[in-house]
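Text of the file query-v7.pdb, holding PDB, C-alpha atoms:
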```pdb
MODEL        1
ATOM      1  CA  MET A   1      -4.374  15.905  15.136
ATOM      2  CA  ASN A   2      -4.863  15.171  11.432
ATOM      3  CA  THR A   3      -5.618  11.630  10.357
ATOM      4  CA  MET A   4      -5.742   9.948   6.980
ATOM      5  CA  ASN A   5      -8.524   8.102   5.205
ATOM      6  CA  LEU A   6      -7.317   4.823   3.724
ATOM      7  CA  LYS A   7      -9.027   2.971   0.910
ATOM      8  CA  VAL A   8      -7.671  -0.324  -0.456
ATOM      9  CA  LEU A   9      -9.146  -1.247  -3.828
ATOM     10  CA  LEU A  10      -9.075  -4.644  -5.542
ATOM     11  CA  PRO A  11     -10.030  -5.094  -9.208
ATOM     12  CA  PHE A  12     -13.652  -5.923  -8.423
ATOM     13  CA  ARG A  13     -14.349  -4.586  -4.940
ATOM     14  CA  VAL A  14     -13.328  -2.287  -2.120
ATOM     15  CA  PHE A  15     -11.224  -4.336   0.297
ATOM     16  CA  LEU A  16     -10.886  -1.680   3.014
ATOM     17  CA  ASP A  17     -12.261   1.810   3.614
ATOM     18  CA  ILE A  18     -11.225   3.252   6.971
ATOM     19  CA  GLY A  19     -10.616   6.637   8.562
ATOM     20  CA  GLN A  20      -8.598   7.683  11.603
ATOM     21  CA  VAL A  21      -5.310   6.312  10.213
ATOM     22  CA  SER A  22      -2.320   7.941  11.883
ATOM     23  CA  ARG A  23       0.521   6.350   9.884
ATOM     24  CA  ILE A  24       1.186   3.972   7.001
ATOM     25  CA  VAL A  25       4.254   1.918   6.073
ATOM     26  CA  LEU A  26       4.501   0.592   2.513
ATOM     27  CA  GLU A  27       7.032  -1.285   0.425
ATOM     28  CA  THR A  28       8.273  -0.190  -2.990
ATOM     29  CA  SER A  29      11.071  -1.475  -5.207
ATOM     30  CA  ALA A  30      13.240   1.288  -3.689
ATOM     31  CA  GLY A  31      12.534   0.188  -0.097
ATOM     32  CA  ALA A  32      10.051   0.830   2.703
ATOM     33  CA  TYR A  33       8.465   4.241   3.208
ATOM     34  CA  GLY A  34       6.338   5.747   5.932
ATOM     35  CA  LEU A  35       3.437   8.124   5.412
ATOM     36  CA  LEU A  36       2.130  10.582   7.984
ATOM     37  CA  PRO A  37      -0.909  12.843   7.492
ATOM     38  CA  ARG A  38       1.148  15.975   6.735
ATOM     39  CA  ARG A  39       3.443  14.303   4.205
ATOM     40  CA  LEU A  40       3.390  15.792   0.721
ATOM     41  CA  ASP A  41       1.117  14.199  -1.855
ATOM     42  CA  CYS A  42       2.733  11.350  -3.727
ATOM     43  CA  VAL A  43       2.337   8.291  -5.937
ATOM     44  CA  ALA A  44       4.229   5.054  -5.273
ATOM     45  CA  ALA A  45       4.473   1.728  -7.094
ATOM     46  CA  LEU A  46       3.962  -1.045  -4.543
ATOM     47  CA  VAL A  47       5.693  -4.401  -4.625
ATOM     48  CA  PRO A  48       4.249  -7.569  -3.079
ATOM     49  CA  GLY A  49       4.804  -7.433   0.660
ATOM     50  CA  ILE A  50       3.428  -6.293   3.991
ATOM     51  CA  PHE A  51       1.444  -3.060   4.116
ATOM     52  CA  THR A  52       1.112  -1.666   7.646
ATOM     53  CA  TYR A  53      -1.199   0.999   8.989
ATOM     54  CA  GLU A  54      -1.866   2.298  12.488
ATOM     55  CA  THR A  55      -5.157   3.764  13.658
ATOM     56  CA  THR A  56      -5.507   6.549  16.227
ATOM     57  CA  ASP A  57      -6.433   4.010  18.916
ATOM     58  CA  GLY A  58      -2.836   2.715  18.676
ATOM     59  CA  ARG A  59      -3.704  -0.560  16.947
ATOM     60  CA  VAL A  60      -1.378  -1.703  14.188
ATOM     61  CA  HIS A  61      -2.912  -3.585  11.261
ATOM     62  CA  TYR A  62      -1.131  -5.679   8.640
ATOM     63  CA  LEU A  63      -2.117  -6.476   5.073
ATOM     64  CA  ALA A  64      -0.347  -8.731   2.632
ATOM     65  CA  VAL A  65      -0.637  -6.973  -0.718
ATOM     66  CA  ASP A  66       0.232  -7.825  -4.270
ATOM     67  CA  GLU A  67       1.817  -5.313  -6.596
ATOM     68  CA  GLY A  68      -0.085  -2.111  -7.192
ATOM     69  CA  VAL A  69      -0.152   1.657  -6.819
ATOM     70  CA  LEU A  70      -0.574   4.018  -3.866
ATOM     71  CA  LEU A  71      -1.844   7.582  -4.277
ATOM     72  CA  LYS A  72      -1.770  10.115  -1.447
ATOM     73  CA  ALA A  73      -3.774  13.286  -2.075
ATOM     74  CA  GLY A  74      -4.251  15.459   0.967
ATOM     75  CA  LEU A  75      -5.528  13.246   3.781
ATOM     76  CA  ASP A  76      -6.874  10.604   1.377
ATOM     77  CA  VAL A  77      -4.734   7.564   0.600
ATOM     78  CA  SER A  78      -5.888   5.140  -2.094
ATOM     79  CA  VAL A  79      -4.173   1.838  -2.700
ATOM     80  CA  SER A  80      -5.021  -0.207  -5.768
ATOM     81  CA  VAL A  81      -3.652  -3.773  -5.762
ATOM     82  CA  ARG A  82      -4.452  -7.051  -7.507
ATOM     83  CA  ASN A  83      -4.928  -8.923  -4.247
ATOM     84  CA  ALA A  84      -4.872  -8.260  -0.502
ATOM     85  CA  ILE A  85      -5.189 -10.394   2.612
ATOM     86  CA  GLY A  86      -5.744  -8.975   6.076
ATOM     87  CA  GLY A  87      -7.812  -9.023   9.213
ATOM     88  CA  VAL A  88      -5.422 -11.275  11.127
ATOM     89  CA  GLY A  89      -2.246 -10.907  13.139
ATOM     90  CA  LEU A  90       1.160 -10.856  11.520
ATOM     91  CA  GLY A  91       1.840 -14.495  12.468
ATOM     92  CA  GLN A  92      -1.311 -15.799  10.799
ATOM     93  CA  LEU A  93      -0.801 -13.616   7.741
ATOM     94  CA  ARG A  94       2.050 -15.782   6.435
ATOM     95  CA  GLU A  95      -0.090 -18.923   6.666
ATOM     96  CA  LEU A  96      -2.986 -17.239   4.818
ATOM     97  CA  VAL A  97      -0.659 -16.005   2.070
ATOM     98  CA  GLU A  98       0.769 -19.513   1.601
ATOM     99  CA  GLN A  99      -2.773 -20.955   1.366
ATOM    100  CA  ASP A 100      -3.702 -18.297  -1.180
ATOM    101  CA  PHE A 101      -0.609 -19.080  -3.289
ATOM    102  CA  ARG A 102      -1.461 -22.797  -3.237
ATOM    103  CA  ARG A 103      -5.043 -22.031  -4.312
ATOM    104  CA  HIS A 104      -3.834 -19.802  -7.167
ATOM    105  CA  ASP A 105      -1.345 -22.477  -8.282
ATOM    106  CA  ALA A 106      -4.143 -25.072  -8.405
ATOM    107  CA  GLU A 107      -6.384 -22.685 -10.374
ATOM    108  CA  GLU A 108      -3.571 -21.915 -12.839
ATOM    109  CA  GLN A 109      -2.833 -25.608 -13.328
ATOM    110  CA  ALA A 110      -6.528 -26.332 -14.009
ATOM    111  CA  ALA A 111      -6.618 -23.455 -16.517
ATOM    112  CA  ARG A 112      -3.492 -24.764 -18.282
ATOM    113  CA  THR A 113      -5.012 -28.264 -18.487
ATOM    114  CA  THR A 114      -8.218 -26.876 -19.977
ATOM    115  CA  LEU A 115      -6.246 -24.787 -22.481
ATOM    116  CA  ARG A 116      -4.241 -27.851 -23.561
ATOM    117  CA  LYS A 117      -7.493 -29.772 -24.152
ATOM    118  CA  ILE A 118      -8.890 -26.911 -26.235
ATOM    119  CA  GLU A 119      -5.672 -26.673 -28.273
ATOM    120  CA  THR A 120      -5.627 -30.435 -28.862
ATOM    121  CA  GLY A 121      -9.271 -30.407 -29.967
ATOM    122  CA  LEU A 122      -8.652 -27.479 -32.305
ATOM    123  CA  LEU A 123      -5.601 -29.145 -33.884
ATOM    124  CA  THR A 124      -7.552 -32.384 -34.352
ATOM    125  CA  ARG A 125     -10.398 -30.527 -36.091
ATOM    126  CA  LEU A 126      -7.976 -28.593 -38.310
ATOM    127  CA  GLU A 127      -6.276 -31.844 -39.291
ATOM    128  CA  THR A 128      -9.665 -33.386 -40.136
ATOM    129  CA  LEU A 129     -10.569 -30.356 -42.282
ATOM    130  CA  GLN A 130      -7.257 -30.525 -44.174
ATOM    131  CA  GLN A 131      -7.784 -34.218 -44.959
ATOM    132  CA  SER A 132     -11.261 -33.548 -46.382
TER
ENDMDL
END
```
I need this file expressed as structure tokens, please.
Amino acid sequence: MNTMNLKVLLPFRVFLDIGQVSRIVLETSAGAYGLLPRRLDCVAALVPGIFTYETTDGRVHYLAVDEGVLLKAGLDVSVSVRNAIGGVGLGQLRELVEQDFRRHDAEEQAARTTLRKIETGLLTRLETLQQS
């Protein structure tokens, strides 16, 4: 029986590199698709959602993924996404995703506050220069 090799890539690291994958289910803007080892090679644009893969031991694994791209070439499947969360059951995955969203919101708010301070300082200095 043929199996696939799955690699999930984030911008700065390899999130997952595993062999013995028997099937994959992914979500695109056109709906959910399943991949089996003998499926034709393809490229798919992924939307944020649940990415599912099953290993030959019958275990089903779930990843929450951000938008990205999937490339299937032969038995190798590469997924490149901005962010991924996994390693837990489907029930815990929702909680982890919500925590991650809250963390990103806090980081974005801190960045916006810092940017406002920089803009205010720059405008103040420009005003001082114009008055000189």
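Checking A:Ala111, A:Val43, A:Leu70, A:Val79 one by one against Asp17 of chain A, counting only C-alpha atoms, you find the shortest gap at A:Val79.
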Inset, instruction - May I ask which of the residues A:Asn2, A:Gly31, A:Asp76, A:Val69 is the closest one to Ile18 of chain A, counting all atoms listed in the file? - result: A:Asp76
Inset, instruction - Just say which residues the PyMOL selection byres ((chain A and resi 45-50) around 12) picks in this file, as a PyMOL selection string. - result: chain A and resi 24-33+42-44+51-53+61-72+78-86+89-91+93-94+97
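Atom CA of Leu6 of chain A to atom CA of Val60 of chain A spans 13.7 Å [interatomic distance, one decimal].
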Inset, instruction - One decimal, Å: what's the distance from atom CA of Leu75 of chain A over to atom CA of Arg38 of chain A, could you say? - result: 7.8 Å
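The two atoms in question, atom CA of Gln109 of chain A and atom CA of Val14 of chain A, are spaced 27.9 Å apart.
The nearest approach to Val77 of chain A among the residues A:Gln20, A:Gln92, A:Ser132, A:Thr113, with all atoms listed in the file taken into account, belongs to A:Gln20.
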Inset, instruction - Determine the residue membership of the PyMOL selection byres ((chain A and resi 23) around 6) for the file above and supply it as an NGL selection string. - result: :A and (21-22 or 24 or 35-36 or 53-54)
Output C-alpha atoms of each residue in that selection to a file, as a PDB file, keeping the file's coordinate frame.
```pdb
ATOM      1  CA  VAL A  21      -5.310   6.312  10.213  1.00  0.00           C
ATOM      2  CA  SER A  22      -2.320   7.941  11.883  1.00  0.00           C
ATOM      3  CA  ILE A  24       1.186   3.972   7.001  1.00  0.00           C
ATOM      4  CA  LEU A  35       3.437   8.124   5.412  1.00  0.00           C
ATOM      5  CA  LEU A  36       2.130  10.582   7.984  1.00  0.00           C
ATOM      6  CA  TYR A  53      -1.199   0.999   8.989  1.00  0.00           C
ATOM      7  CA  GLU A  54      -1.866   2.298  12.488  1.00  0.00           C
TER       8      GLU A  54
END
```
Inset, instruction - Considering all atoms listed in the file, state which residue in the set A:Asp41, A:Gly34, A:Glu107, A:Ala73 is at the smallest distance from Lys7 of chain A. - result: A:Ala73
